[in-house]
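Structure file start14.json (JSON, C-alpha atoms) is printed below.
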[["chain", "number", "residue", "atom", "x", "y", "z"],
["A", 1, "MET", "CA", -8.55, 17.35, 12.04],
["A", 2, "ASP", "CA", -7.50, 18.09, 8.48],
["A", 3, "LEU", "CA", -5.26, 15.85, 6.39],
["A", 4, "HIS", "CA", -2.12, 17.06, 4.68],
["A", 5, "PHE", "CA", -2.38, 16.53, 0.93],
["A", 6, "VAL", "CA", -0.85, 17.40, -2.41],
["A", 7, "ARG", "CA", -2.91, 18.19, -5.50],
["A", 8, "ARG", "CA", -1.80, 17.95, -9.11],
["A", 9, "GLY", "CA", -3.38, 17.97, -12.56],
["A", 10, "THR", "CA", -6.82, 18.86, -13.90],
["A", 11, "GLY", "CA", -9.97, 16.96, -14.72],
["A", 12, "ARG", "CA", -12.26, 14.82, -12.61],
["A", 13, "PRO", "CA", -10.89, 14.51, -9.04],
["A", 14, "LEU", "CA", -9.12, 11.29, -8.00],
["A", 15, "LEU", "CA", -8.17, 10.46, -4.41],
["A", 16, "LEU", "CA", -5.03, 8.42, -3.61],
["A", 17, "VAL", "CA", -4.82, 6.65, -0.23],
["A", 18, "HIS", "CA", -1.51, 5.11, 0.83],
["A", 19, "GLY", "CA", -0.84, 2.08, 3.03],
["A", 20, "ILE", "CA", 0.44, 1.63, 6.58],
["A", 21, "GLY", "CA", 3.70, 3.44, 7.19],
["A", 22, "GLY", "CA", 3.49, 5.29, 3.87],
["A", 23, "SER", "CA", 2.63, 8.83, 2.82],
["A", 24, "TRP", "CA", 1.44, 10.64, -0.27],
["A", 25, "ARG", "CA", 4.93, 9.96, -1.66],
["A", 26, "SER", "CA", 4.01, 6.28, -1.89],
["A", 27, "TRP", "CA", 2.38, 7.25, -5.21],
["A", 28, "ASN", "CA", 5.38, 9.08, -6.68],
["A", 29, "THR", "CA", 5.89, 6.39, -9.32],
["A", 30, "ILE", "CA", 2.48, 7.05, -10.92],
["A", 31, "ILE", "CA", 1.14, 10.38, -9.64],
["A", 32, "ASP", "CA", 2.38, 12.41, -12.60],
["A", 33, "ALA", "CA", 0.96, 9.93, -15.13],
["A", 34, "LEU", "CA", -2.41, 10.07, -13.36],
["A", 35, "ALA", "CA", -2.28, 13.87, -13.10],
["A", 36, "ALA", "CA", -1.90, 14.09, -16.87],
["A", 37, "GLU", "CA", -5.58, 13.10, -17.07],
["A", 38, "ARG", "CA", -7.06, 13.68, -13.61],
["A", 39, "ASP", "CA", -7.13, 16.17, -10.74],
["A", 40, "VAL", "CA", -5.15, 14.02, -8.31],
["A", 41, "ILE", "CA", -5.41, 14.50, -4.53],
["A", 42, "ALA", "CA", -2.93, 12.38, -2.54],
["A", 43, "VAL", "CA", -3.38, 12.50, 1.23],
["A", 44, "ASP", "CA", -1.24, 11.73, 4.26],
["A", 45, "LEU", "CA", -3.39, 9.63, 6.58],
["A", 46, "PRO", "CA", -3.38, 10.47, 10.33],
["A", 47, "GLY", "CA", -0.06, 9.52, 11.90],
["A", 48, "HIS", "CA", 1.68, 9.47, 8.51],
["A", 49, "GLY", "CA", 3.74, 11.97, 6.55],
["A", 50, "GLU", "CA", 2.84, 15.51, 7.61],
["A", 51, "THR", "CA", -0.52, 14.66, 9.21],
["A", 52, "PRO", "CA", -0.39, 14.27, 12.99],
["A", 53, "LYS", "CA", -1.62, 11.17, 14.76],
["A", 54, "MET", "CA", -5.22, 11.16, 15.94],
["A", 55, "THR", "CA", -6.00, 11.25, 19.64],
["A", 56, "GLY", "CA", -7.83, 8.14, 20.77],
["A", 57, "GLU", "CA", -8.03, 4.95, 18.75],
["A", 58, "ASN", "CA", -6.28, 4.59, 15.40],
["A", 59, "SER", "CA", -8.10, 1.94, 13.36],
["A", 60, "ILE", "CA", -9.70, 1.36, 9.97],
["A", 61, "ALA", "CA", -12.97, 2.74, 11.33],
["A", 62, "THR", "CA", -11.44, 5.95, 12.69],
["A", 63, "LEU", "CA", -9.28, 6.43, 9.59],
["A", 64, "ALA", "CA", -12.42, 6.05, 7.46],
["A", 65, "ASP", "CA", -14.12, 8.70, 9.60],
["A", 66, "ALA", "CA", -11.12, 11.03, 9.14],
["A", 67, "VAL", "CA", -11.10, 10.60, 5.35],
["A", 68, "THR", "CA", -14.87, 11.15, 5.18],
["A", 69, "SER", "CA", -14.48, 14.34, 7.23],
["A", 70, "PHE", "CA", -11.70, 15.52, 4.90],
["A", 71, "LEU", "CA", -13.79, 14.88, 1.78],
["A", 72, "THR", "CA", -16.80, 16.64, 3.32],
["A", 73, "GLN", "CA", -14.67, 19.63, 4.32],
["A", 74, "HIS", "CA", -13.27, 19.99, 0.80],
["A", 75, "ASP", "CA", -16.57, 19.30, -1.01],
["A", 76, "LEU", "CA", -15.21, 16.08, -2.51],
["A", 77, "LEU", "CA", -17.84, 13.51, -1.50],
["A", 78, "GLY", "CA", -18.38, 11.08, -4.36],
["A", 79, "ILE", "CA", -14.76, 11.31, -5.54],
["A", 80, "ASP", "CA", -13.17, 8.37, -7.36],
["A", 81, "ALA", "CA", -10.50, 6.73, -5.20],
["A", 82, "VAL", "CA", -7.53, 4.40, -5.30],
["A", 83, "GLY", "CA", -6.06, 2.71, -2.23],
["A", 84, "SER", "CA", -2.95, 0.62, -1.62],
["A", 85, "SER", "CA", -2.57, -2.07, 1.08],
["A", 86, "MET", "CA", -4.17, -0.63, 4.26],
["A", 87, "GLY", "CA", -5.43, 2.21, 2.08],
["A", 88, "ALA", "CA", -6.95, -0.39, -0.24],
["A", 89, "ARG", "CA", -8.95, -1.80, 2.65],
["A", 90, "LEU", "CA", -9.85, 1.73, 3.67],
["A", 91, "VAL", "CA", -11.38, 2.59, 0.28],
["A", 92, "LEU", "CA", -13.31, -0.71, 0.35],
["A", 93, "GLU", "CA", -14.72, 0.24, 3.75],
["A", 94, "LEU", "CA", -15.69, 3.69, 2.47],
["A", 95, "ALA", "CA", -17.35, 2.09, -0.57],
["A", 96, "ARG", "CA", -19.26, -0.24, 1.77],
["A", 97, "ARG", "CA", -20.52, 2.70, 3.81],
["A", 98, "GLY", "CA", -22.01, 4.32, 0.70],
["A", 99, "GLY", "CA", -22.26, 7.96, -0.32],
["A", 100, "VAL", "CA", -18.56, 8.69, 0.18],
["A", 101, "LEU", "CA", -16.74, 7.50, -2.94],
["A", 102, "GLY", "CA", -17.47, 7.03, -6.63],
["A", 103, "ALA", "CA", -15.44, 4.50, -8.64],
["A", 104, "VAL", "CA", -12.94, 2.57, -6.49],
["A", 105, "VAL", "CA", -9.70, 0.73, -7.25],
["A", 106, "SER", "CA", -8.32, -1.32, -4.34],
["A", 107, "LEU", "CA", -4.72, -2.53, -4.81],
["A", 108, "ASP", "CA", -3.70, -5.56, -2.69],
["A", 109, "PRO", "CA", -6.03, -4.82, 0.25],
["A", 110, "GLY", "CA", -5.13, -5.94, 3.76],
["A", 111, "GLY", "CA", -7.58, -7.47, 6.20],
["A", 112, "PHE", "CA", -8.66, -10.64, 4.40],
["A", 113, "TRP", "CA", -6.29, -13.02, 6.16],
["A", 114, "GLN", "CA", -7.50, -15.99, 8.22],
["A", 115, "GLY", "CA", -6.01, -18.55, 10.60],
["A", 116, "TRP", "CA", -2.21, -18.88, 10.35],
["A", 117, "GLN", "CA", -2.10, -15.99, 7.90],
["A", 118, "ILE", "CA", -2.84, -13.52, 10.73],
["A", 119, "PRO", "CA", 0.33, -14.17, 12.79],
["A", 120, "PHE", "CA", 2.30, -14.54, 9.55],
["A", 121, "PHE", "CA", 1.26, -11.04, 8.48],
["A", 122, "TYR", "CA", 1.72, -9.46, 11.90],
["A", 123, "HIS", "CA", 5.08, -10.91, 12.86],
["A", 124, "SER", "CA", 6.67, -10.72, 9.41],
["A", 125, "VAL", "CA", 5.79, -7.03, 8.99],
["A", 126, "ASP", "CA", 6.65, -6.26, 12.63],
["A", 127, "LEU", "CA", 10.09, -7.84, 12.22],
["A", 128, "SER", "CA", 10.66, -6.02, 8.93],
["A", 129, "VAL", "CA", 9.85, -2.65, 10.49],
["A", 130, "LYS", "CA", 12.06, -3.31, 13.53],
["A", 131, "LEU", "CA", 14.94, -4.03, 11.16],
["A", 132, "VAL", "CA", 14.18, -0.91, 9.10],
["A", 133, "LYS", "CA", 14.22, 1.20, 12.28],
["A", 134, "ALA", "CA", 17.51, -0.34, 13.42],
["A", 135, "LEU", "CA", 19.12, 0.32, 10.04],
["A", 136, "GLN", "CA", 17.98, 3.95, 9.71],
["A", 137, "PRO", "CA", 21.52, 5.37, 10.11],
["A", 138, "VAL", "CA", 22.62, 3.57, 6.94],
["A", 139, "MET", "CA", 19.24, 3.32, 5.20],
["A", 140, "PRO", "CA", 19.82, 5.92, 2.45],
["A", 141, "ALA", "CA", 22.91, 4.04, 1.25],
["A", 142, "LEU", "CA", 21.18, 0.65, 1.49],
["A", 143, "ALA", "CA", 17.93, 1.68, -0.20],
["A", 144, "GLY", "CA", 19.91, 3.57, -2.82],
["A", 145, "SER", "CA", 21.68, 0.38, -3.88],
["A", 146, "ALA", "CA", 20.10, -2.24, -6.16],
["A", 147, "VAL", "CA", 21.60, -5.03, -4.03],
["A", 148, "GLY", "CA", 20.45, -3.31, -0.84],
["A", 149, "ARG", "CA", 16.89, -3.00, -2.16],
["A", 150, "THR", "CA", 16.96, -6.66, -3.14],
["A", 151, "VAL", "CA", 17.66, -7.56, 0.47],
["A", 152, "LEU", "CA", 15.38, -4.96, 2.09],
["A", 153, "LEU", "CA", 12.24, -5.26, -0.04],
["A", 154, "PRO", "CA", 11.61, -8.90, -1.10],
["A", 155, "GLN", "CA", 8.48, -9.08, 1.06],
["A", 156, "PHE", "CA", 7.02, -6.04, -0.69],
["A", 157, "SER", "CA", 8.24, -6.29, -4.29],
["A", 158, "ALA", "CA", 8.59, -9.08, -6.84],
["A", 159, "ARG", "CA", 11.50, -7.14, -8.36],
["A", 160, "PRO", "CA", 12.99, -5.21, -5.41],
["A", 161, "TRP", "CA", 16.24, -4.34, -7.23],
["A", 162, "ALA", "CA", 14.19, -2.51, -9.88],
["A", 163, "VAL", "CA", 12.23, -0.34, -7.40],
["A", 164, "ASP", "CA", 13.04, 3.35, -7.83],
["A", 165, "SER", "CA", 15.82, 4.19, -5.35],
["A", 166, "GLN", "CA", 14.27, 7.45, -4.11],
["A", 167, "GLN", "CA", 10.93, 5.68, -3.71],
["A", 168, "ALA", "CA", 12.58, 3.05, -1.52],
["A", 169, "ILE", "CA", 14.44, 5.67, 0.54],
["A", 170, "ASP", "CA", 11.24, 7.66, 1.15],
["A", 171, "GLU", "CA", 9.23, 4.57, 2.05],
["A", 172, "MET", "CA", 11.82, 3.17, 4.46],
["A", 173, "TYR", "CA", 11.96, 6.55, 6.21],
["A", 174, "THR", "CA", 8.18, 6.86, 6.67],
["A", 175, "PHE", "CA", 7.91, 3.21, 7.76],
["A", 176, "ALA", "CA", 10.34, 3.95, 10.58],
["A", 177, "HIS", "CA", 8.86, 7.30, 11.63],
["A", 178, "SER", "CA", 5.06, 6.84, 11.60],
["A", 179, "PRO", "CA", 3.79, 7.30, 15.19],
["A", 180, "ALA", "CA", 0.64, 5.33, 14.35],
["A", 181, "PHE", "CA", 2.37, 2.31, 12.78],
["A", 182, "ASP", "CA", 2.45, -0.10, 15.73],
["A", 183, "GLU", "CA", -1.16, 0.52, 16.75],
["A", 184, "LEU", "CA", -2.44, 0.23, 13.18],
["A", 185, "LEU", "CA", -0.47, -2.96, 12.56],
["A", 186, "ASP", "CA", -2.10, -4.51, 15.64],
["A", 187, "GLN", "CA", -5.52, -3.24, 14.55],
["A", 188, "LEU", "CA", -5.09, -4.66, 11.05],
["A", 189, "ALA", "CA", -4.09, -8.08, 12.38],
["A", 190, "HIS", "CA", -6.24, -8.38, 15.49],
["A", 191, "GLY", "CA", -8.88, -5.64, 15.32],
["A", 192, "GLU", "CA", -12.37, -5.62, 13.85],
["A", 193, "VAL", "CA", -12.71, -7.75, 10.72],
["A", 194, "GLN", "CA", -13.87, -6.15, 7.49],
["A", 195, "GLN", "CA", -17.65, -6.09, 7.23],
["A", 196, "PRO", "CA", -19.12, -7.32, 3.91],
["A", 197, "ALA", "CA", -21.01, -5.33, 1.30],
["A", 198, "PRO", "CA", -23.95, -7.38, -0.05],
["A", 199, "LYS", "CA", -24.20, -7.86, -3.81],
["A", 200, "GLY", "CA", -25.78, -4.86, -5.49],
["A", 201, "SER", "CA", -24.99, -2.49, -2.62],
["A", 202, "ILE", "CA", -22.07, -0.74, -4.36],
["A", 203, "PRO", "CA", -23.37, 1.05, -7.47],
["A", 204, "GLY", "CA", -20.07, 2.50, -8.74],
["A", 205, "PRO", "CA", -17.29, 0.59, -10.49],
["A", 206, "LEU", "CA", -15.20, -1.46, -8.04],
["A", 207, "VAL", "CA", -11.96, -3.18, -9.05],
["A", 208, "ILE", "CA", -9.63, -5.13, -6.77],
["A", 209, "GLY", "CA", -6.11, -5.48, -8.17],
["A", 210, "TRP", "CA", -3.74, -8.11, -6.78],
["A", 211, "GLY", "CA", -0.08, -8.92, -7.40],
["A", 212, "ARG", "CA", 0.55, -12.58, -8.20],
["A", 213, "GLN", "CA", 3.70, -12.52, -6.04],
["A", 214, "ASP", "CA", 2.28, -10.55, -3.09],
["A", 215, "ARG", "CA", 4.04, -11.78, 0.08],
["A", 216, "VAL", "CA", 2.20, -9.44, 2.46],
["A", 217, "CYS", "CA", -1.43, -10.01, 1.46],
["A", 218, "LEU", "CA", -1.24, -13.47, -0.04],
["A", 219, "PRO", "CA", -3.03, -13.95, -3.39],
["A", 220, "SER", "CA", -5.29, -16.64, -1.91],
["A", 221, "GLN", "CA", -6.88, -13.93, 0.26],
["A", 222, "SER", "CA", -8.55, -12.55, -2.87],
["A", 223, "THR", "CA", -11.18, -15.30, -2.50],
["A", 224, "LEU", "CA", -12.43, -13.86, 0.79],
["A", 225, "ALA", "CA", -12.19, -10.30, -0.54],
["A", 226, "LEU", "CA", -14.49, -11.19, -3.45],
["A", 227, "ALA", "CA", -16.83, -13.09, -1.14],
["A", 228, "LYS", "CA", -17.21, -9.97, 1.01],
["A", 229, "PHE", "CA", -17.35, -7.61, -1.99],
["A", 230, "PRO", "CA", -19.21, -9.58, -4.68],
["A", 231, "ASP", "CA", -19.73, -6.42, -6.77],
["A", 232, "ALA", "CA", -15.96, -6.21, -7.32],
["A", 233, "ARG", "CA", -14.03, -7.22, -10.42],
["A", 234, "LEU", "CA", -10.65, -8.88, -9.76],
["A", 235, "TYR", "CA", -7.58, -7.98, -11.82],
["A", 236, "TRP", "CA", -4.28, -9.87, -11.54],
["A", 237, "PHE", "CA", -0.91, -8.14, -11.93],
["A", 238, "GLU", "CA", 1.73, -10.55, -13.25],
["A", 239, "HIS", "CA", 5.38, -10.20, -12.15],
["A", 240, "CYS", "CA", 4.13, -8.09, -9.25],
["A", 241, "GLY", "CA", 4.37, -8.03, -5.47],
["A", 242, "HIS", "CA", 2.44, -6.03, -2.87],
["A", 243, "PHE", "CA", 2.73, -2.66, -4.59],
["A", 244, "PRO", "CA", 1.66, -2.60, -8.26],
["A", 245, "GLN", "CA", 2.61, 1.08, -8.39],
["A", 246, "TRP", "CA", 6.22, -0.04, -7.69],
["A", 247, "ASP", "CA", 6.48, -3.21, -9.77],
["A", 248, "GLN", "CA", 4.11, -2.39, -12.64],
["A", 249, "PRO", "CA", 3.57, 1.40, -12.62],
["A", 250, "ALA", "CA", 2.43, 1.72, -16.25],
["A", 251, "GLU", "CA", -0.02, -1.17, -15.89],
["A", 252, "ALA", "CA", -1.31, 0.18, -12.57],
["A", 253, "THR", "CA", -1.88, 3.57, -14.20],
["A", 254, "ARG", "CA", -3.81, 1.99, -17.08],
["A", 255, "LEU", "CA", -6.01, 0.01, -14.67],
["A", 256, "ILE", "CA", -6.78, 3.06, -12.51],
["A", 257, "LEU", "CA", -7.64, 5.31, -15.44],
["A", 258, "ALA", "CA", -9.71, 2.62, -17.16],
["A", 259, "ALA", "CA", -11.65, 1.60, -14.05],
["A", 260, "THR", "CA", -12.43, 5.18, -13.01],
["A", 261, "SER", "CA", -13.41, 6.22, -16.55],
["A", 262, "ARG", "CA", -16.54, 4.04, -16.22],
["A", 263, "GLN", "CA", -15.92, 2.65, -19.71],
["A", 264, "PRO", "CA", -15.67, -1.08, -20.53],
["A", 265, "PHE", "CA", -12.15, -2.52, -20.64],
["A", 266, "THR", "CA", -10.53, -5.94, -20.94],
["A", 267, "ASP", "CA", -7.75, -7.38, -18.82],
["A", 268, "GLU", "CA", -5.70, -7.80, -21.99],
["A", 269, "SER", "CA", -5.90, -4.07, -22.76],
["A", 270, "ILE", "CA", -4.55, -3.28, -19.28],
["A", 271, "ALA", "CA", -1.77, -5.88, -19.25],
["A", 272, "LEU", "CA", -0.79, -4.79, -22.76],
["A", 273, "SER", "CA", 2.77, -6.12, -22.83],
["A", 274, "LYS", "CA", 4.68, -8.78, -20.92],
["A", 275, "SER", "CA", 7.90, -6.91, -21.66],
["A", 276, "GLU", "CA", 7.14, -4.49, -18.80],
["A", 277, "GLY", "CA", 7.68, -7.37, -16.37],
["A", 278, "ALA", "CA", 11.27, -7.89, -17.47],
["A", 279, "ALA", "CA", 14.06, -6.68, -15.21],
["A", 280, "PRO", "CA", 17.79, -7.26, -14.91],
["A", 281, "THR", "CA", 18.98, -9.86, -12.44],
["A", 282, "LEU", "CA", 21.70, -9.50, -9.85],
["A", 283, "PRO", "CA", 24.51, -11.94, -9.02],
["A", 284, "LYS", "CA", 23.25, -14.38, -6.39],
["A", 285, "ALA", "CA", 26.54, -14.31, -4.50],
["A", 286, "ALA", "CA", 26.35, -10.53, -4.09],
["A", 287, "VAL", "CA", 22.76, -10.74, -2.87],
["A", 288, "VAL", "CA", 23.52, -13.49, -0.35],
["A", 289, "ALA", "CA", 26.62, -11.73, 0.97],
["A", 290, "THR", "CA", 24.78, -8.42, 1.38],
["A", 291, "ALA", "CA", 21.80, -10.16, 3.00],
["A", 292, "LEU", "CA", 24.01, -11.81, 5.60],
["A", 293, "ALA", "CA", 25.81, -8.55, 6.31],
["A", 294, "LEU", "CA", 22.53, -6.63, 6.65],
["A", 295, "LEU", "CA", 20.95, -9.22, 8.90],
["A", 296, "ALA", "CA", 24.05, -9.41, 11.09],
["A", 297, "GLY", "CA", 24.26, -5.62, 11.31],
["A", 298, "GLY", "CA", 20.54, -5.27, 12.03],
["A", 299, "LEU", "CA", 20.60, -7.93, 14.74],
["A", 300, "TRP", "CA", 23.67, -6.30, 16.29],
["A", 301, "LEU", "CA", 21.94, -2.90, 16.34],
["A", 302, "LEU", "CA", 18.79, -4.38, 17.85],
["A", 303, "SER", "CA", 20.85, -6.20, 20.49],
["A", 304, "SER", "CA", 22.84, -3.06, 21.30],
["A", 305, "ARG", "CA", 19.70, -1.00, 21.75],
["A", 306, "GLY", "CA", 18.21, -3.68, 23.97],
["A", 307, "LYS", "CA", 21.27, -3.70, 26.23],
["A", 308, "ARG", "CA", 21.28, 0.10, 26.49],
["A", 309, "GLY", "CA", 17.62, 0.03, 27.48],
["A", 310, "ARG", "CA", 18.22, -2.25, 30.45]]

Serialized structure, structure tokens:
Amino acid sequence: MDLHFVRRGTGRPLLLVHGIGGSWRSWNTIIDALAAERDVIAVDLPGHGETPKMTGENSIATLADAVTSFLTQHDLLGIDAVGSSMGARLVLELARRGGVLGAVVSLDPGGFWQGWQIPFFYHSVDLSVKLVKALQPVMPALAGSAVGRTVLLPQFSARPWAVDSQQAIDEMYTFAHSPAFDELLDQLAHGEVQQPAPKGSIPGPLVIGWGRQDRVCLPSQSTLALAKFPDARLYWFEHCGHFPQWDQPAEATRLILAATSRQPFTDESIALSKSEGAAPTLPKAAVVATALALLAGGLWLLSSRGKRGR
């Protein structure tokens, strides 16, 4: 099968791989900035966006096979790549396999949880998606509101009220409509664990970026990620949750361009300014009131659907 993709810009090719429930639009906050310097190719993974679901198993292994097939078909083997969340684990797996990717940037990769972190990841994301599905009739209005985003996105963003409204609307839609979501969520939590890449086995630049306030892939999981990928360099995003391209788009762009340029860089040159982390606050009373209303409405919708299904 082929993957749907969009292509923008000129220069050395750069592949963008979104996370579970996302699409190529997950990169809308930074794709134009990257395309100003690179030939950017953003794909829809199988079962996401405009790419149909694969027949048979949907897992990290089969997604990696599909991406490899796509790159081979389009004469793009050796391309530099950036992945987010599940896509971040996917580009690590492709780097481990060798001969598929060049420089790699992995942003908040999934799959490095252990013990209690496994059910925490699975059930928290599963509950979030169930609520998103239940609230689809009113989702554009909710995601289009700063208060609504504050209530909907705290697991995914350190500054949910500041997330671009159209970005939130697009993401909440694809989360609810991906036919591969449930199977991939189970595979990520309970499927095959990520195999390690011994030191010296990955010749190209490899950077793992992690948000300090990530509530999906907890920051402590970076220890295991580095143990399995000792060739990687770790970069911390301050004032940032699970998606650096949402919370710190300019900083994420600088890291991606620097890491894939194969030139030396310092963390200080990427962080550049703490002022980018500033964002307006919202009245706590408004947030609490909206949260209670959303939760009550979501639970009512879930209950109503359950009764109709009996």

**Message:** Please determine, counting only C-alpha atoms, which residue among A:Ile256, A:Ala180, A:Val100, A:Ile202 has the shortest atom-to-atom distance to Val40 (chain A).
**Reply:**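 Using only C-alpha atoms, Val40 (chain A) sits closest to A:Ile256.
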
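Comparing A:Gly21, A:Pro244, A:Pro196, A:Pro264 by their smallest distance to Gly47 (chain A), the closest is A:Gly21 (using all atoms listed in the file).
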
**Message:** For a quick check of understanding, using all atoms listed in the file, which of A:Gln155, A:Ser201, A:Gln263, A:Gln114 has the smallest distance to Gly99 (chain A)?
**Reply:**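 Residue with the minimum atom-to-atom distance to Gly99 (chain A): A:Ser201.
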
**Item:** Within 10 Å of Leu152 (chain A) using all atoms listed in the file, minus same-chain residues under 2 positions, as a list in words
**Value:** Ser128, Leu131, Val132, Met139, Leu142, Ala143, Ala146, Val147, Gly148, Arg149, Thr150, Pro154, Gln155, Phe156, Ser157, Pro160, Trp161, Ala168, Met172, Ala291, Leu294 and Leu295 of chain A

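Comparing A:Pro140, A:Gly78, A:Pro230, A:Pro46 by their smallest distance to Gly200 (chain A), the closest is A:Pro230 (using only C-alpha atoms).
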
**Asked** Quick one: of A:Thr253, A:Thr266, A:Ser85, A:Ser69, who's nearest to Asp214 (chain A), counting all atoms listed in the file?
**Response**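 Using all atoms listed in the file, the shortest distance to Asp214 (chain A) belongs to A:Ser85.
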
**Asked** Hey, which of A:Ala197, A:Ile169, A:Leu16, A:Ala66 ends up closest to Gly98 (chain A)? Count all atoms listed in the file.
**Response**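 Going through A:Ala197, A:Ile169, A:Leu16, A:Ala66 one by one, the smallest distance to Gly98 (chain A) is for A:Ala197.
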
**Message:** Which residues are close to Ala227 (chain A), i.e. within 12 Å by all atoms listed in the file, leaving aside same-chain residues fewer than 2 positions away? Reply as a ChimeraX atom specification.
**Reply:** /A:112,194-199,221-225,229-234

**Asked** Quick one: residues within 10 Å of Phe181 (chain A), all atoms listed in the file counted, chain neighbours fewer than 4 positions away excluded, as a count of residues only?
**Response** 16

**Between CA of Phe265 (chain A) and CA of Gly111 (chain A) - distance in Å to one decimal** =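 It comes out at 27.7 Å.
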
**Fill in**
Students should find that CA of Ala64 (chain A) and CA of Leu101 (chain A) are spaced 11.4 Å

**Item:** Separation of CA of Val163 (chain A) from CA of Gln245 (chain A) in Å
**Value:**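 Interatomic distance, CA of Gln245 (chain A) to CA of Val163 (chain A): 9.8 Å.
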
**Message:** Residues within 8 Å of Gln248 (chain A), please, as a list in words. Count only C-alpha atoms; anything in the same chain fewer than 2 positions from it doesn't count.
**Reply:**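 Close residues of Gln248 (chain A): Phe237, His239, Cys240, Pro244, Gln245, Trp246, Ala250, Glu251, Ala252, Glu276 and Gly277 of chain A.
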
Go ahead and write the selection's residues with C-alpha atoms as a tab-separated table (two decimals), in the frame of the given file.
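What landed in out.tsv:
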chain	number	residue	atom	x	y	z
A	237	PHE	CA	-0.91	-8.14	-11.93
A	239	HIS	CA	5.38	-10.20	-12.15
A	240	CYS	CA	4.13	-8.09	-9.25
A	244	PRO	CA	1.66	-2.60	-8.26
A	245	GLN	CA	2.61	1.08	-8.39
A	246	TRP	CA	6.22	-0.04	-7.69
A	250	ALA	CA	2.43	1.72	-16.25
A	251	GLU	CA	-0.02	-1.17	-15.89
A	252	ALA	CA	-1.31	0.18	-12.57
A	276	GLU	CA	7.14	-4.49	-18.80
A	277	GLY	CA	7.68	-7.37	-16.37

**Message:** Using all atoms listed in the file, list the residues that have an atom at most 6 Å from (-4.6, 1.7, -0.9), coordinates as in the file, as a list in words.
**Reply:** Val17, His18, Gly19, Val82, Gly83, Ser84, Ser85, Met86, Gly87, Ala88, Ser106 and Leu107 of chain A

Could you save those same residues with C-alpha atoms as a PDB file, in the frame of the given file?
ATOM      1  CA  VAL A  17      -4.820   6.650  -0.230  1.00  0.00           C
ATOM      2  CA  HIS A  18      -1.510   5.110   0.830  1.00  0.00           C
ATOM      3  CA  GLY A  19      -0.840   2.080   3.030  1.00  0.00           C
ATOM      4  CA  VAL A  82      -7.530   4.400  -5.300  1.00  0.00           C
ATOM      5  CA  GLY A  83      -6.060   2.710  -2.230  1.00  0.00           C
ATOM      6  CA  SER A  84      -2.950   0.620  -1.620  1.00  0.00           C
ATOM      7  CA  SER A  85      -2.570  -2.070   1.080  1.00  0.00           C
ATOM      8  CA  MET A  86      -4.170  -0.630   4.260  1.00  0.00           C
ATOM      9  CA  GLY A  87      -5.430   2.210   2.080  1.00  0.00           C
ATOM     10  CA  ALA A  88      -6.950  -0.390  -0.240  1.00  0.00           C
ATOM     11  CA  SER A 106      -8.320  -1.320  -4.340  1.00  0.00           C
ATOM     12  CA  LEU A 107      -4.720  -2.530  -4.810  1.00  0.00           C
TER      13      LEU A 107
END

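Within a radius of 10 Å around (-8.6, 14.8, 15.9), the polymer residues are Met1, Asp2, Pro46, Pro52, Lys53, Met54, Thr55, Gly56, Thr62 and Ala66 of chain A, counting all atoms listed in the file.
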